[in-house]
>>> print(open('run-v3.pdb').read())   # PDB, C-alpha atoms
ATOM      1  CA  MET U   1       0.000   0.000   0.000
ATOM      2  CA  LEU U   2       1.423   3.369  -0.944
ATOM      3  CA  LYS U   3       2.107   5.751   1.933
ATOM      4  CA  VAL U   4       2.053   9.454   1.121
ATOM      5  CA  LEU U   5       4.243  11.541   3.388
ATOM      6  CA  LEU U   6       3.988  15.270   3.974
ATOM      7  CA  ILE U   7       5.017  17.452   1.038
ATOM      8  CA  ILE U   8       6.590  20.710   2.150
ATOM      9  CA  PRO U   9       6.011  23.374  -0.515
ATOM     10  CA  PHE U  10       8.691  25.811   0.620
ATOM     11  CA  ILE U  11      11.667  25.709   2.962
ATOM     12  CA  THR U  12      14.133  28.496   3.564
ATOM     13  CA  VAL U  13      17.651  27.338   2.757
ATOM     14  CA  ASN U  14      21.105  28.565   3.716
ATOM     15  CA  CYS U  15      23.571  29.301   0.910
ATOM     16  CA  TRP U  16      27.341  28.890   1.076
ATOM     17  CA  PHE U  17      29.783  29.973  -1.624
ATOM     18  CA  PHE U  18      32.882  27.921  -2.489
ATOM     19  CA  ALA U  19      35.809  28.321  -4.869
ATOM     20  CA  GLN U  20      35.744  26.363  -8.102
ATOM     21  CA  SER U  21      37.177  22.853  -7.724
ATOM     22  CA  LEU U  22      36.850  21.589 -11.295
ATOM     23  CA  THR U  23      39.825  20.218 -13.237
ATOM     24  CA  TYR U  24      39.590  19.965 -17.030
ATOM     25  CA  LYS U  25      40.111  16.429 -18.417
ATOM     26  CA  TYR U  26      39.178  16.249 -22.117
ATOM     27  CA  SER U  27      36.595  17.258 -24.741
ATOM     28  CA  ILE U  28      34.309  15.374 -27.124
ATOM     29  CA  PRO U  29      33.206  17.142 -30.335
ATOM     30  CA  LEU U  30      29.506  17.464 -31.158
ATOM     31  CA  ASN U  31      27.832  18.133 -34.466
ATOM     32  CA  ASP U  32      24.317  19.095 -35.445
ATOM     33  CA  LYS U  33      23.193  15.507 -35.915
ATOM     34  CA  ASN U  34      23.706  14.616 -32.233
ATOM     35  CA  GLU U  35      20.247  14.795 -30.661
ATOM     36  CA  ILE U  36      20.820  13.078 -27.318
ATOM     37  CA  TRP U  37      23.903  12.045 -25.341
ATOM     38  CA  THR U  38      24.718  10.430 -22.024
ATOM     39  CA  PRO U  39      27.854   9.246 -20.154
ATOM     40  CA  ASP U  40      28.296   5.875 -18.499
ATOM     41  CA  ASN U  41      30.155   5.038 -15.300
ATOM     42  CA  THR U  42      33.427   4.168 -17.087
ATOM     43  CA  GLY U  43      33.905   7.464 -18.929
ATOM     44  CA  ASN U  44      32.320   6.514 -22.248
ATOM     45  CA  VAL U  45      29.866   8.948 -23.827
ATOM     46  CA  TYR U  46      27.007   7.714 -26.027
ATOM     47  CA  LEU U  47      25.711  10.061 -28.741
ATOM     48  CA  TYR U  48      22.694   9.551 -30.996
ATOM     49  CA  GLY U  49      21.351  11.390 -34.023
ATOM     50  CA  SER U  50      20.263  10.731 -37.627
ATOM     51  CA  ASP U  51      19.847   7.001 -36.858
ATOM     52  CA  ILE U  52      23.528   6.717 -35.850
ATOM     53  CA  LEU U  53      24.594   5.669 -32.364
ATOM     54  CA  GLU U  54      28.180   6.413 -31.342
ATOM     55  CA  LYS U  55      30.243   5.552 -28.306
ATOM     56  CA  LYS U  56      33.173   7.859 -27.677
ATOM     57  CA  SER U  57      35.892   6.577 -25.382
ATOM     58  CA  ASN U  58      38.713   8.450 -23.723
ATOM     59  CA  GLY U  59      42.169   6.901 -23.572
ATOM     60  CA  GLN U  60      43.178   3.574 -25.080
ATOM     61  CA  LEU U  61      39.706   2.072 -25.523
ATOM     62  CA  PRO U  62      38.243   2.032 -29.063
ATOM     63  CA  SER U  63      35.254   4.114 -30.106
ATOM     64  CA  PHE U  64      32.280   2.646 -32.009
ATOM     65  CA  SER U  65      29.610   3.837 -34.428
ATOM     66  CA  GLN U  66      26.545   1.888 -35.511
ATOM     67  CA  SER U  67      23.451   2.461 -37.628
ATOM     68  CA  ILE U  68      20.466   1.264 -35.609
ATOM     69  CA  LYS U  69      17.442   1.992 -37.809
ATOM     70  CA  SER U  70      15.959  -1.382 -36.896
ATOM     71  CA  VAL U  71      15.140  -0.299 -33.337
ATOM     72  CA  GLY U  72      13.344   2.904 -34.384
ATOM     73  CA  ILE U  73      13.997   6.429 -33.153
ATOM     74  CA  ILE U  74      15.967   6.367 -29.897
ATOM     75  CA  ASP U  75      14.502   8.587 -27.188
ATOM     76  CA  ASP U  76      16.769   7.590 -24.301
ATOM     77  CA  ILE U  77      20.111   5.852 -23.759
ATOM     78  CA  LEU U  78      20.263   3.964 -20.454
ATOM     79  CA  PRO U  79      23.717   2.597 -19.560
ATOM     80  CA  ILE U  80      23.746  -0.235 -17.024
ATOM     81  CA  ASN U  81      27.498  -0.868 -16.940
ATOM     82  CA  ALA U  82      30.465  -0.912 -19.330
ATOM     83  CA  LEU U  83      29.079  -3.978 -21.134
ATOM     84  CA  LYS U  84      25.329  -3.370 -21.235
ATOM     85  CA  THR U  85      23.131  -0.435 -22.257
ATOM     86  CA  TYR U  86      19.408  -0.185 -22.930
ATOM     87  CA  LEU U  87      17.983   1.908 -25.778
ATOM     88  CA  PHE U  88      14.410   3.134 -25.316
ATOM     89  CA  SER U  89      12.211   3.917 -28.315
ATOM     90  CA  GLU U  90       8.960   5.694 -27.508
ATOM     91  CA  SER U  91       7.600   5.218 -31.029
ATOM     92  CA  GLN U  92       8.326   1.470 -31.026
ATOM     93  CA  GLN U  93       7.422   1.023 -27.327
ATOM     94  CA  GLN U  94      10.422  -1.204 -26.753
ATOM     95  CA  LEU U  95      13.710  -1.518 -24.892
ATOM     96  CA  CYS U  96      16.681  -2.966 -26.769
ATOM     97  CA  LEU U  97      19.843  -4.199 -25.063
ATOM     98  CA  ILE U  98      23.220  -3.483 -26.690
ATOM     99  CA  ASP U  99      26.700  -4.601 -25.702
ATOM    100  CA  ASN U 100      29.950  -2.613 -25.479
ATOM    101  CA  THR U 101      30.361  -2.708 -29.290
ATOM    102  CA  LEU U 102      26.826  -1.291 -29.815
ATOM    103  CA  SER U 103      25.562  -4.645 -31.124
ATOM    104  CA  ILE U 104      21.977  -5.595 -30.245
ATOM    105  CA  GLN U 105      21.727  -8.521 -27.835
ATOM    106  CA  SER U 106      18.769 -10.918 -27.929
ATOM    107  CA  THR U 107      15.222  -9.785 -28.718
ATOM    108  CA  CYS U 108      14.056  -6.290 -27.827
ATOM    109  CA  LEU U 109      11.533  -6.073 -24.993
ATOM    110  CA  ASP U 110       8.018  -5.283 -26.187
ATOM    111  CA  LEU U 111       6.609  -3.140 -23.365
ATOM    112  CA  GLU U 112       3.017  -4.012 -24.243
ATOM    113  CA  GLU U 113       3.737  -7.463 -22.810
ATOM    114  CA  TYR U 114       4.085  -5.813 -19.371
ATOM    115  CA  GLU U 115       0.570  -4.264 -19.459
ATOM    116  CA  ILE U 116       2.160  -0.913 -20.390
ATOM    117  CA  GLN U 117      -0.005   0.972 -22.864
ATOM    118  CA  TYR U 118       2.166   4.016 -23.569
ATOM    119  CA  ALA U 119       5.644   4.102 -22.024
ATOM    120  CA  LEU U 120       6.900   7.677 -21.880
ATOM    121  CA  LYS U 121      10.026   7.578 -19.684
ATOM    122  CA  CYS U 122      12.362   4.894 -18.335
ATOM    123  CA  ALA U 123      15.165   4.724 -15.753
ATOM    124  CA  ILE U 124      17.691   2.070 -14.764
ATOM    125  CA  SER U 125      17.698   0.801 -11.200
ATOM    126  CA  GLY U 126      20.918   0.052  -9.325
ATOM    127  CA  ARG U 127      19.340  -3.285  -8.403
ATOM    128  CA  PRO U 128      20.138  -5.997 -10.989
ATOM    129  CA  ASN U 129      17.785  -6.346 -13.977
ATOM    130  CA  LEU U 130      15.264  -3.771 -12.723
ATOM    131  CA  ILE U 131      13.934  -0.857 -14.790
ATOM    132  CA  TYR U 132      11.390   1.837 -13.944
ATOM    133  CA  ILE U 133       8.851   2.694 -16.646
ATOM    134  CA  TYR U 134       6.196   5.406 -16.563
ATOM    135  CA  ASP U 135       3.003   4.667 -18.501
ATOM    136  CA  GLN U 136       1.545   8.001 -19.588
ATOM    137  CA  PHE U 137      -1.797   6.505 -20.665
ATOM    138  CA  ASN U 138      -2.696   5.211 -17.209
ATOM    139  CA  SER U 139      -0.446   7.511 -15.139
ATOM    140  CA  THR U 140       1.120   4.344 -13.738
ATOM    141  CA  LEU U 141       4.676   3.696 -12.592
ATOM    142  CA  PHE U 142       6.079   0.216 -13.198
ATOM    143  CA  LEU U 143       9.177  -1.512 -11.826
ATOM    144  CA  ILE U 144       9.927  -4.503 -14.030
ATOM    145  CA  ASN U 145      12.473  -7.311 -13.976
ATOM    146  CA  THR U 146      13.892  -7.731 -17.478
ATOM    147  CA  LYS U 147      15.441 -11.104 -16.669
ATOM    148  CA  THR U 148      12.302 -12.811 -15.377
ATOM    149  CA  ASN U 149       9.967 -10.722 -17.597
ATOM    150  CA  SER U 150       7.842  -9.869 -14.585
ATOM    151  CA  ILE U 151       6.306  -6.803 -12.932
ATOM    152  CA  ILE U 152       7.935  -6.319  -9.520
ATOM    153  CA  GLN U 153       5.832  -3.348  -8.479
ATOM    154  CA  LYS U 154       3.110  -1.150  -9.943
ATOM    155  CA  VAL U 155       1.928   2.239  -8.655
ATOM    156  CA  PRO U 156      -1.352   3.183 -10.367
ATOM    157  CA  ASN U 157      -2.871   6.663 -10.597
ATOM    158  CA  LEU U 158       0.298   8.620  -9.901
ATOM    159  CA  GLU U 159      -1.539  11.819 -10.831
ATOM    160  CA  GLY U 160      -4.015  11.184  -8.022
ATOM    161  CA  ILE U 161      -1.247  10.477  -5.511
ATOM    162  CA  LEU U 162       0.594  13.695  -6.378
ATOM    163  CA  ASN U 163      -2.634  15.623  -6.890
ATOM    164  CA  VAL U 164      -1.354  17.187 -10.120
ATOM    165  CA  GLU U 165      -1.891  16.750 -13.829
ATOM    166  CA  LEU U 166       1.310  14.877 -14.439
ATOM    167  CA  GLU U 167       3.604  15.367 -17.419
ATOM    168  CA  ILE U 168       6.949  13.703 -16.758
ATOM    169  CA  SER U 169      10.216  14.901 -18.302
ATOM    170  CA  GLU U 170      12.720  12.672 -16.521
ATOM    171  CA  LEU U 171      13.105   9.666 -14.221
ATOM    172  CA  LYS U 172      16.294   8.791 -12.367
ATOM    173  CA  GLU U 173      17.279   6.556  -9.470
ATOM    174  CA  TYR U 174      19.817   7.837  -6.951
ATOM    175  CA  GLU U 175      20.952   5.782  -3.954
ATOM    176  CA  ASN U 176      18.000   3.383  -4.322
ATOM    177  CA  GLU U 177      15.440   6.186  -4.422
ATOM    178  CA  LEU U 178      13.491   7.313  -7.476
ATOM    179  CA  PHE U 179      13.225  10.953  -8.526
ATOM    180  CA  ILE U 180      10.615  12.246 -10.961
ATOM    181  CA  ARG U 181      10.939  15.601 -12.742
ATOM    182  CA  THR U 182       7.853  17.079 -14.377
ATOM    183  CA  THR U 183       7.687  19.382 -17.399
ATOM    184  CA  SER U 184       7.259  22.280 -14.946
ATOM    185  CA  ASP U 185      10.529  21.172 -13.222
ATOM    186  CA  ASN U 186       8.917  20.059  -9.980
ATOM    187  CA  ILE U 187      10.841  17.181  -8.375
ATOM    188  CA  TYR U 188       9.212  14.325  -6.449
ATOM    189  CA  GLN U 189      11.266  11.882  -4.391
ATOM    190  CA  PHE U 190      10.200   8.277  -3.735
ATOM    191  CA  ASP U 191      11.823   5.687  -1.470
ATOM    192  CA  MET U 192      12.960   2.275  -2.701
ATOM    193  CA  PHE U 193       9.459   0.865  -2.094
ATOM    194  CA  LEU U 194       7.986   3.658  -4.260
ATOM    195  CA  ASN U 195       6.395   5.461  -1.335
ATOM    196  CA  LEU U 196       6.307   9.204  -1.871
ATOM    197  CA  LYS U 197       8.757  10.940   0.473
ATOM    198  CA  LYS U 198       8.472  14.581  -0.513
ATOM    199  CA  GLN U 199       8.439  17.233  -3.186
ATOM    200  CA  LEU U 200      11.679  19.205  -3.310
ATOM    201  CA  PRO U 201      11.195  22.828  -2.206
ATOM    202  CA  GLU U 202      12.428  24.366  -5.460
ATOM    203  CA  THR U 203      12.121  23.670  -9.164
ATOM    204  CA  ILE U 204      15.154  21.979 -10.743
ATOM    205  CA  THR U 205      15.810  21.750 -14.488
ATOM    206  CA  ALA U 206      17.601  18.352 -14.541
ATOM    207  CA  LEU U 207      18.200  15.305 -12.351
ATOM    208  CA  ASN U 208      21.926  15.427 -11.561
ATOM    209  CA  PHE U 209      23.251  14.148  -8.243
ATOM    210  CA  HIS U 210      26.513  14.291  -6.346
ATOM    211  CA  LYS U 211      27.103  13.092  -2.786
ATOM    212  CA  LYS U 212      23.645  13.602  -1.270
ATOM    213  CA  SER U 213      22.945  16.758  -3.294
ATOM    214  CA  ILE U 214      20.964  17.550  -6.416
ATOM    215  CA  VAL U 215      23.022  19.764  -8.716
ATOM    216  CA  GLU U 216      21.916  22.450 -11.149
ATOM    217  CA  ILE U 217      23.752  24.822 -13.463
ATOM    218  CA  GLU U 218      22.332  28.340 -13.590
ATOM    219  CA  ASP U 219      23.804  31.687 -14.676
ATOM    220  CA  ASN U 220      27.399  30.349 -14.714
ATOM    221  CA  VAL U 221      27.237  28.851 -11.246
ATOM    222  CA  LEU U 222      26.782  25.318  -9.940
ATOM    223  CA  ILE U 223      24.146  24.988  -7.238
ATOM    224  CA  PHE U 224      24.302  21.962  -4.933
ATOM    225  CA  MET U 225      21.183  21.494  -2.785
ATOM    226  CA  ASN U 226      21.441  18.927  -0.016
ATOM    227  CA  LEU U 227      18.587  16.431  -0.289
ATOM    228  CA  ASP U 228      18.185  16.139   3.484
ATOM    229  CA  SER U 229      18.751  19.663   4.801
ATOM    230  CA  ASN U 230      17.998  21.709   1.624
ATOM    231  CA  GLU U 231      21.152  23.697   2.409
ATOM    232  CA  LYS U 232      22.780  25.153  -0.714
ATOM    233  CA  LYS U 233      26.399  25.181  -1.807
ATOM    234  CA  ILE U 234      27.202  27.500  -4.724
ATOM    235  CA  ILE U 235      30.311  27.309  -6.914
ATOM    236  CA  PRO U 236      30.933  30.056  -9.495
ATOM    237  CA  LEU U 237      32.118  28.634 -12.826
ATOM    238  CA  GLU U 238      35.308  30.210 -14.126
ATOM    239  CA  ASN U 239      35.743  30.030 -17.911
ATOM    240  CA  ILE U 240      33.070  27.331 -18.189
ATOM    241  CA  SER U 241      29.852  27.862 -20.108
ATOM    242  CA  ALA U 242      27.321  25.201 -20.966
ATOM    243  CA  ASN U 243      23.850  24.524 -22.299
ATOM    244  CA  GLU U 244      23.516  21.295 -20.351
ATOM    245  CA  LEU U 245      25.145  19.486 -17.427
ATOM    246  CA  LYS U 246      25.331  15.762 -16.740
ATOM    247  CA  ILE U 247      27.141  14.092 -13.846
ATOM    248  CA  MET U 248      28.574  10.606 -13.471
ATOM    249  CA  GLY U 249      30.474  10.065 -10.220
ATOM    250  CA  ASN U 250      32.996  12.895  -9.909
ATOM    251  CA  SER U 251      32.970  13.600 -13.653
ATOM    252  CA  PHE U 252      30.994  16.680 -14.702
ATOM    253  CA  TYR U 253      30.015  16.866 -18.390
ATOM    254  CA  PHE U 254      29.279  20.373 -19.724
ATOM    255  CA  SER U 255      27.845  20.523 -23.242
ATOM    256  CA  THR U 256      27.805  23.466 -25.638
ATOM    257  CA  GLU U 257      26.626  23.602 -29.221
ATOM    258  CA  PHE U 258      29.952  22.241 -30.445
ATOM    259  CA  GLU U 259      31.425  19.984 -27.747
ATOM    260  CA  ILE U 260      31.169  18.215 -24.414
ATOM    261  CA  ARG U 261      33.853  19.333 -21.971
ATOM    262  CA  VAL U 262      34.607  16.887 -19.170
ATOM    263  CA  TYR U 263      35.876  18.058 -15.771
ATOM    264  CA  GLU U 264      36.805  16.239 -12.583
ATOM    265  CA  TYR U 265      35.140  17.694  -9.496
ATOM    266  CA  ASN U 266      37.439  17.659  -6.459
ATOM    267  CA  PRO U 267      35.669  19.414  -3.571
ATOM    268  CA  ASN U 268      37.773  21.054  -0.899
TER     269      ASN U 268
END
>>> encode(input="run-v3.pdb", output="structure tokens")
Amino acid sequence: MLKVLLIIPFITVNCWFFAQSLTYKYSIPLNDKNEIWTPDNTGNVYLYGSDILEKKSNGQLPSFSQSIKSVGIIDDILPINALKTYLFSESQQQLCLIDNTLSIQSTCLDLEEYEIQYALKCAISGRPNLIYIYDQFNSTLFLINTKTNSIIQKVPNLEGILNVELEISELKEYENELFIRTTSDNIYQFDMFLNLKKQLPETITALNFHKKSIVEIEDNVLIFMNLDSNEKKIIPLENISANELKIMGNSFYFSTEFEIRVYEYNPN
């Protein structure tokens, strides 16, 4: 049974300013065909556009490029580890598993077989073989096991639980808890049993996390908001500009129109 905990609409937070602690590592070029990109936990970056999927590697590892028209338009790239990545196609309503050479492994998962009528967003769980899927048609959140082809948990009527007309932009798990970002940038936090914990006190434009904080880039500063205390840590960015930020471990990926610049974050 789902337990709904108190949602606090506004909390005053303390702000602390810190010197920049970002060390430049390398850059990855972008071109106008790259529509989506994401890093994995080994430093690879996956890029997709014009039916071409690429994996760019830093160092001695080879890079790969593959035409993947057979799986339809790719709407999300979901790395599991260095050897496995899921590709989600909203138009095809399927998840396809690829290996480290971008080759498709086994048969793609048809999401209709899991009682999902219109999958809109997916997220990988840190628990083996588990994936979160949000069904827009029924406003239902699923947790499925891709190995046993079974539904582990289902939360129906998420709109009713949150008491909002729900349009989801992003799902992401962090430290066994699920975060949902809406199109209006409201953030909802669920525990590992998919009980609602709270709504974050401020709107956030992306789900990036680092050591118990959610991180946002805004007006050439990084803003770290602690998930427990809501206390803010602010780091001005020196000579770094970006349209988008993504974080994997201590690696911070800043993208512009032409490249992704990778920095190592070493807090004082």
>>> atom_distance(input="run-v3.pdb", atom1="atom CA of Glu165 of chain U", atom2="atom CA of Ala206 of chain U")
19.6 Å
>>> atom_distance(input="run-v3.pdb", atom1="atom CA of Gln117 of chain U", atom2="atom CA of Pro156 of chain U")
12.8 Å
>>> residues_near_point(input="run-v3.pdb", point="(21.1, -10.6, -25.6)", cutoff="12 Å", atoms="all atoms listed in the file", output="ChimeraX atom specification")
/U:83-86,95-100,102-109,146-147
>>> residues_around(input="run-v3.pdb", residues="Glu113 of chain U", least_positions_apart="5", cutoff="10 Å", atoms="all atoms listed in the file", output="list in words")
Gln94, Asn149 and Ser150 of chain U
>>> write_last_selection(input="run-v3.pdb", atoms="C-alpha atoms", output="PDB file, in the frame of the given file")
ATOM      1  CA  GLN U  94      10.422  -1.204 -26.753  1.00  0.00           C
ATOM      2  CA  ASN U 149       9.967 -10.722 -17.597  1.00  0.00           C
ATOM      3  CA  SER U 150       7.842  -9.869 -14.585  1.00  0.00           C
TER       4      SER U 150
END
>>> atom_distance(input="run-v3.pdb", atom1="atom CA of Arg261 of chain U", atom2="atom CA of Tyr26 of chain U")
6.2 Å
>>> resolve_selection(input="run-v3.pdb", expression="the PyMOL selection byres ((chain U and resi 181) around 8)", output="PDB file with C-alpha atoms, keeping the file's coordinate frame")
ATOM      1  CA  ILE U 168       6.949  13.703 -16.758  1.00  0.00           C
ATOM      2  CA  SER U 169      10.216  14.901 -18.302  1.00  0.00           C
ATOM      3  CA  GLU U 170      12.720  12.672 -16.521  1.00  0.00           C
ATOM      4  CA  LEU U 171      13.105   9.666 -14.221  1.00  0.00           C
ATOM      5  CA  PHE U 179      13.225  10.953  -8.526  1.00  0.00           C
ATOM      6  CA  ILE U 180      10.615  12.246 -10.961  1.00  0.00           C
ATOM      7  CA  THR U 182       7.853  17.079 -14.377  1.00  0.00           C
ATOM      8  CA  THR U 183       7.687  19.382 -17.399  1.00  0.00           C
ATOM      9  CA  SER U 184       7.259  22.280 -14.946  1.00  0.00           C
ATOM     10  CA  ASP U 185      10.529  21.172 -13.222  1.00  0.00           C
ATOM     11  CA  ASN U 186       8.917  20.059  -9.980  1.00  0.00           C
ATOM     12  CA  ILE U 187      10.841  17.181  -8.375  1.00  0.00           C
ATOM     13  CA  TYR U 188       9.212  14.325  -6.449  1.00  0.00           C
ATOM     14  CA  ILE U 204      15.154  21.979 -10.743  1.00  0.00           C
ATOM     15  CA  ALA U 206      17.601  18.352 -14.541  1.00  0.00           C
ATOM     16  CA  LEU U 207      18.200  15.305 -12.351  1.00  0.00           C
TER      17      LEU U 207
END
>>> axis_aligned_box(input="run-v3.pdb", around="segment 156-164 of chain U", padding_each_side="5 Å", output="lines of an AutoDock Vina configuration file")
center_x = -1.7
center_y = 10.2
center_z = -8.2
size_x = 14.6
size_y = 24.0
size_z = 15.3
>>> closest_residue(input="run-v3.pdb", among="U:Pro128, U:Pro79, U:Gly72, U:Gly160", to="Ile144 of chain U", atoms="all atoms listed in the file")
U:Pro128
>>> resolve_selection(input="run-v3.pdb", expression="the PyMOL selection byres ((chain U and resi 256) around 9)", output="compact mmCIF listing (two decimals) with C-alpha atoms, in the coordinates of the input")
# COMPACT_ATOMS: atom_id res chain seq x y z
CA LEU U 30 29.51 17.46 -31.16
CA SER U 241 29.85 27.86 -20.11
CA ALA U 242 27.32 25.20 -20.97
CA ASN U 243 23.85 24.52 -22.30
CA GLU U 244 23.52 21.30 -20.35
CA PHE U 254 29.28 20.37 -19.72
CA SER U 255 27.84 20.52 -23.24
CA GLU U 257 26.63 23.60 -29.22
CA PHE U 258 29.95 22.24 -30.44
CA GLU U 259 31.42 19.98 -27.75
CA ILE U 260 31.17 18.22 -24.41
CA ARG U 261 33.85 19.33 -21.97
